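Input: a single structure, listed below in structure tokens.
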Amino acid sequence: MPVSNGILAWWIAGPAIGLCVVALYALANRHLGVTGAYGQLVRLLSRSRPDEPWRLWFLGGLLGGAAVAGVVLGFPQRGTAFGVLGSRVPLGVLVPLLLLGGVAMGFGARWAGGCTSGNGLTGCSARSAGGMGATMMFMVAAVVATAAMRLLVSL
Amino acid sequence: MRRRDAVYVAVGLCFGFMLLASGLARYDVIHRMLRFEDWDPYLIMASSIGTAMPLLWLLERRGWVTPFGGALSLKRLALESRRIYGGMVFGVGWAITGACPGTVSAMIGGGCVLGLAILGGVFLGLRAHMAMEEAQTGRAVVARAQARPEPAVAQGAGAGS
């Protein structure tokens, strides 16, 4: 398979990811999305039963599949390595920064009703107007925020 | 484990493998994407949607009945203001961390310990939004009750509770 720097070519990864969306809908009528699985974990942590247990099976598979890919192809972001951001920002700043970014992601994803997978990938594929709108907004916001980050952290 | 659960695990395995293998779970790849220096992530987005969209359209048009979940019905969200505001907040988090909810788990699976900090933040953010929503619906219930004067008998009965 065409791999460079441990990264599979986009023209294999892209259609394969699309087929995951189709498989989940065609076999089980489920809308592929990841944030919902974390909602199920939150329910578990607050001692209520998961109302969509399928999401937990899916998340378990996701973790396992990524672990396999990491072993087969290698992954440079192991341990406390975090790419160029990790090399520019000391760990004592990086951890709270990542936590803060995570809070924005969790809050925003639940507000918007989905994340990059549920709204971006699957929502757009299902021709969901809300999914497409959210996707446009998070793309624009991310590009603007990245430009701001470059000024702040000189990335 | 039921057969349908095996489907969820199998699709999850493939999805997780591809998220890490494609490079989408790397900070540098997402950061360069959002600086328009790496176009491969856009090509992945376009080709994945380009693969799934016509196939879902075809299945929907043919009235496909799924083996494990009844008749196919694609979930579509209405375009409301919450998609706009939520999407904006989400995009900022995505830009800071170079990760999204899916790739956080992929990077943790790949051995990224710092991914746990992002995941912890995602949980806090989800909880915060749930709490806000509960407070809002609570206020809405109170406001409705106040707007609609109750009969005197019911009011007397309700005072004790």
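Naming works like this for the structure tokens: A, B, ... for the chains as they're shown, residue 1 at the start of each chain, ligands 1 onward in shown order.
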
If you take only C-alpha atoms and a cut-off of 8 Å, which residues of region 23-117 of chain B touch region 3-18 of chain A, and what are their nearest atom pairs and distances in Å to one decimal, in chain and number order, as CSV?
residue,atom,partner,partner_atom,distance
B:Gly23,CA,A:Ile7,CA,5.5
B:Asp40,CA,A:Trp10,CA,6.1
B:Pro41,CA,A:Trp10,CA,7.5
B:Leu43,CA,A:Trp10,CA,6.5
B:Ile44,CA,A:Gly14,CA,4.2
B:Met45,CA,A:Gly14,CA,6.5
B:Ala46,CA,A:Gly14,CA,7.5
B:Ser47,CA,A:Gly14,CA,5.1
B:Ser48,CA,A:Gly18,CA,4.0
B:Ile49,CA,A:Gly18,CA,5.9
B:Gly50,CA,A:Gly18,CA,7.6
B:Thr51,CA,A:Gly18,CA,5.4
B:Ala52,CA,A:Gly18,CA,4.8

Taking a cut-off of 8 Å and counting only C-alpha atoms, can you build a table that, for each residue of region 37-135 of chain B near region 5-22 of chain B, reports the nearest atom pair and how far apart they are in Å (one decimal), sorted by chain then residue number, as a tab-separated table?
residue	atom	partner	partner_atom	distance
B:Gly102	CA	B:Leu19	CA	7.9
B:Thr103	CA	B:Leu19	CA	6.3
B:Ala106	CA	B:Gly16	CA	5.7
B:Met107	CA	B:Leu20	CA	6.9
B:Gly110	CA	B:Leu20	CA	7.4

Write to file, as a CSV table (one decimal), in the first residue's frame, the residues of the selection just made, with C-alpha atoms.
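So part_32.csv came out as:
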chain,number,residue,atom,x,y,z
B,102,GLY,CA,-12.8,11.0,16.9
B,103,THR,CA,-9.1,11.5,16.5
B,106,ALA,CA,-7.4,7.4,17.8
B,107,MET,CA,-4.3,9.2,19.1
B,110,GLY,CA,-1.8,5.1,19.1

In region 95-153 of chain B, what's alpha helix (DSSP H) per DSSP? Answer as number ranges by chain?
B: 95-97, 101-109, 115-147, 152-153

Using only N, CA and C atoms, please write the residues we just selected to a file, as a short mmCIF file (atom, residue, chain, number, x, y, z; two decimals), in the first residue's frame.
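Now in selection_2.cif:
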data_model
loop_
_atom_site.label_atom_id
_atom_site.label_comp_id
_atom_site.auth_asym_id
_atom_site.auth_seq_id
_atom_site.Cartn_x
_atom_site.Cartn_y
_atom_site.Cartn_z
N ALA B 95 -8.92 23.70 16.50
CA ALA B 95 -7.70 24.38 16.08
C ALA B 95 -6.65 24.36 17.19
N ILE B 96 -7.08 24.53 18.45
CA ILE B 96 -6.12 24.55 19.57
C ILE B 96 -5.45 23.19 19.72
N THR B 97 -6.25 22.13 19.69
CA THR B 97 -5.73 20.79 20.01
C THR B 97 -5.25 20.03 18.78
N PRO B 101 -13.11 14.95 18.39
CA PRO B 101 -13.49 13.85 19.28
C PRO B 101 -13.09 12.47 18.76
N GLY B 102 -13.19 12.25 17.45
CA GLY B 102 -12.79 10.95 16.90
C GLY B 102 -11.29 10.73 16.96
N THR B 103 -10.53 11.75 16.53
CA THR B 103 -9.08 11.54 16.47
C THR B 103 -8.44 11.58 17.85
N VAL B 104 -9.12 12.15 18.86
CA VAL B 104 -8.59 12.07 20.23
C VAL B 104 -8.46 10.61 20.64
N SER B 105 -9.53 9.85 20.42
CA SER B 105 -9.47 8.44 20.80
C SER B 105 -8.47 7.70 19.93
N ALA B 106 -8.37 8.08 18.66
CA ALA B 106 -7.39 7.43 17.79
C ALA B 106 -5.98 7.70 18.30
N MET B 107 -5.68 8.95 18.68
CA MET B 107 -4.32 9.24 19.14
C MET B 107 -4.03 8.56 20.47
N ILE B 108 -5.04 8.44 21.33
CA ILE B 108 -4.84 7.72 22.59
C ILE B 108 -4.57 6.24 22.28
N GLY B 109 -5.33 5.67 21.34
CA GLY B 109 -5.09 4.29 20.93
C GLY B 109 -3.69 4.11 20.36
N GLY B 115 -3.23 13.01 24.78
CA GLY B 115 -4.60 12.92 24.30
C GLY B 115 -5.59 12.81 25.46
N LEU B 116 -5.12 12.24 26.59
CA LEU B 116 -5.99 12.09 27.76
C LEU B 116 -6.39 13.45 28.32
N ALA B 117 -5.50 14.45 28.23
CA ALA B 117 -5.83 15.80 28.69
C ALA B 117 -6.96 16.37 27.83
N ILE B 118 -6.87 16.15 26.50
CA ILE B 118 -7.92 16.64 25.60
C ILE B 118 -9.23 15.93 25.92
N LEU B 119 -9.15 14.61 26.10
CA LEU B 119 -10.36 13.83 26.38
C LEU B 119 -11.02 14.28 27.68
N GLY B 120 -10.18 14.55 28.70
CA GLY B 120 -10.71 15.06 29.96
C GLY B 120 -11.46 16.37 29.74
N GLY B 121 -10.89 17.24 28.90
CA GLY B 121 -11.55 18.50 28.57
C GLY B 121 -12.88 18.27 27.86
N VAL B 122 -12.91 17.31 26.93
CA VAL B 122 -14.15 17.01 26.20
C VAL B 122 -15.26 16.60 27.18
N PHE B 123 -14.91 15.76 28.15
CA PHE B 123 -15.89 15.34 29.16
C PHE B 123 -16.41 16.55 29.94
N LEU B 124 -15.48 17.42 30.36
CA LEU B 124 -15.89 18.62 31.11
C LEU B 124 -16.81 19.49 30.26
N GLY B 125 -16.46 19.66 28.99
CA GLY B 125 -17.28 20.47 28.09
C GLY B 125 -18.67 19.89 27.90
N LEU B 126 -18.74 18.56 27.75
CA LEU B 126 -20.03 17.90 27.60
C LEU B 126 -20.88 18.09 28.85
N ARG B 127 -20.25 17.88 30.02
CA ARG B 127 -20.96 18.05 31.28
C ARG B 127 -21.47 19.49 31.42
N ALA B 128 -20.60 20.45 31.07
CA ALA B 128 -20.98 21.85 31.20
C ALA B 128 -22.19 22.15 30.33
N HIS B 129 -22.21 21.62 29.10
CA HIS B 129 -23.34 21.89 28.23
C HIS B 129 -24.62 21.21 28.72
N MET B 130 -24.45 19.99 29.25
CA MET B 130 -25.63 19.30 29.83
C MET B 130 -26.20 20.11 30.98
N ALA B 131 -25.31 20.60 31.87
CA ALA B 131 -25.76 21.37 33.03
C ALA B 131 -26.47 22.64 32.58
N MET B 132 -25.92 23.31 31.54
CA MET B 132 -26.52 24.55 31.04
C MET B 132 -27.92 24.26 30.49
N GLU B 133 -28.01 23.13 29.73
CA GLU B 133 -29.29 22.77 29.12
C GLU B 133 -30.33 22.47 30.20
N GLU B 134 -29.89 21.74 31.25
CA GLU B 134 -30.81 21.41 32.33
C GLU B 134 -31.30 22.68 33.02
N ALA B 135 -30.37 23.63 33.26
CA ALA B 135 -30.74 24.88 33.91
C ALA B 135 -31.73 25.65 33.03
N GLN B 136 -31.50 25.62 31.72
CA GLN B 136 -32.40 26.34 30.80
C GLN B 136 -33.78 25.72 30.78
N THR B 137 -33.85 24.38 30.67
CA THR B 137 -35.17 23.75 30.64
C THR B 137 -35.87 23.93 31.98
N GLY B 138 -35.09 23.93 33.08
CA GLY B 138 -35.66 24.18 34.40
C GLY B 138 -36.30 25.56 34.46
N ARG B 139 -35.56 26.57 33.94
CA ARG B 139 -36.09 27.94 33.92
C ARG B 139 -37.32 28.03 33.03
N ALA B 140 -37.30 27.30 31.91
CA ALA B 140 -38.43 27.35 30.98
C ALA B 140 -39.68 26.78 31.64
N VAL B 141 -39.51 25.71 32.40
CA VAL B 141 -40.65 25.09 33.08
C VAL B 141 -41.24 26.06 34.10
N VAL B 142 -40.33 26.73 34.88
CA VAL B 142 -40.78 27.70 35.88
C VAL B 142 -41.50 28.86 35.22
N ALA B 143 -40.92 29.34 34.10
CA ALA B 143 -41.51 30.49 33.40
C ALA B 143 -42.90 30.14 32.88
N ARG B 144 -43.04 28.92 32.34
CA ARG B 144 -44.35 28.49 31.83
C ARG B 144 -45.36 28.41 32.97
N ALA B 145 -44.92 27.87 34.11
CA ALA B 145 -45.81 27.72 35.25
C ALA B 145 -46.26 29.10 35.76
N GLN B 146 -45.33 30.07 35.73
CA GLN B 146 -45.67 31.40 36.22
C GLN B 146 -46.58 32.14 35.25
N ALA B 147 -46.37 31.88 33.93
CA ALA B 147 -47.17 32.57 32.92
C ALA B 147 -48.62 32.09 32.93
N ALA B 152 -57.09 28.07 41.88
CA ALA B 152 -56.80 28.30 43.30
C ALA B 152 -56.63 26.98 44.07
N VAL B 153 -57.45 25.96 43.72
CA VAL B 153 -57.40 24.68 44.43
C VAL B 153 -56.04 24.02 44.22
#

Please identify which residues in region 19-151 of chain B DSSP calls strand (DSSP E or B) from the backbone, and express them as a ChimeraX atom specification.
/B:65-66,70-71,112

With distances taken over only C-alpha atoms, which of B:Ala78, B:Val65, B:Ala99, B:Ala25 is nearest to chain A?
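The closest residue to chain A is B:Ala78.
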
Tell me, in Å to one decimal, how far CA of Val89 (chain B) is from CA of Gly108 (chain A).
4.8 Å

Just want the 8 Å neighbourhood of Val143 (chain A), counted on only C-alpha atoms, with same-chain residues fewer than 2 positions away dropped. Output as a ChimeraX atom specification.
/A:139-141,145-147 /B:34-35,95

Since we have the selection now, will you write its residues out, keeping N, CA and C atoms, as a PDB file, in the first residue's frame?
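The result, written out as result.pdb:
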ATOM      1  N   MET A 139     -15.208  24.889  10.175  1.00  0.00           N
ATOM      2  CA  MET A 139     -14.042  25.062   9.289  1.00  0.00           C
ATOM      3  C   MET A 139     -13.544  26.511   9.352  1.00  0.00           C
ATOM      4  N   VAL A 140     -14.475  27.452   9.214  1.00  0.00           N
ATOM      5  CA  VAL A 140     -14.101  28.879   9.236  1.00  0.00           C
ATOM      6  C   VAL A 140     -13.472  29.243  10.587  1.00  0.00           C
ATOM      7  N   ALA A 141     -14.139  28.812  11.686  1.00  0.00           N
ATOM      8  CA  ALA A 141     -13.632  29.144  13.026  1.00  0.00           C
ATOM      9  C   ALA A 141     -12.245  28.548  13.242  1.00  0.00           C
ATOM     10  N   ALA A 145      -8.952  30.619  14.104  1.00  0.00           N
ATOM     11  CA  ALA A 145      -8.285  30.346  15.384  1.00  0.00           C
ATOM     12  C   ALA A 145      -6.839  29.903  15.167  1.00  0.00           C
ATOM     13  N   THR A 146      -6.585  29.172  14.084  1.00  0.00           N
ATOM     14  CA  THR A 146      -5.210  28.741  13.788  1.00  0.00           C
ATOM     15  C   THR A 146      -4.330  29.939  13.471  1.00  0.00           C
ATOM     16  N   ALA A 147      -4.872  30.876  12.705  1.00  0.00           N
ATOM     17  CA  ALA A 147      -4.123  32.097  12.401  1.00  0.00           C
ATOM     18  C   ALA A 147      -3.807  32.861  13.681  1.00  0.00           C
TER      19      ALA A 147
ATOM     20  N   LEU B  34      -5.012  23.525   8.448  1.00  0.00           N
ATOM     21  CA  LEU B  34      -5.728  24.767   8.742  1.00  0.00           C
ATOM     22  C   LEU B  34      -4.913  26.006   8.367  1.00  0.00           C
ATOM     23  N   ARG B  35      -3.637  25.786   8.000  1.00  0.00           N
ATOM     24  CA  ARG B  35      -2.811  26.871   7.456  1.00  0.00           C
ATOM     25  C   ARG B  35      -2.748  26.784   5.926  1.00  0.00           C
ATOM     26  N   ALA B  95      -8.920  23.698  16.504  1.00  0.00           N
ATOM     27  CA  ALA B  95      -7.701  24.381  16.084  1.00  0.00           C
ATOM     28  C   ALA B  95      -6.645  24.362  17.194  1.00  0.00           C
TER      29      ALA B  95
END
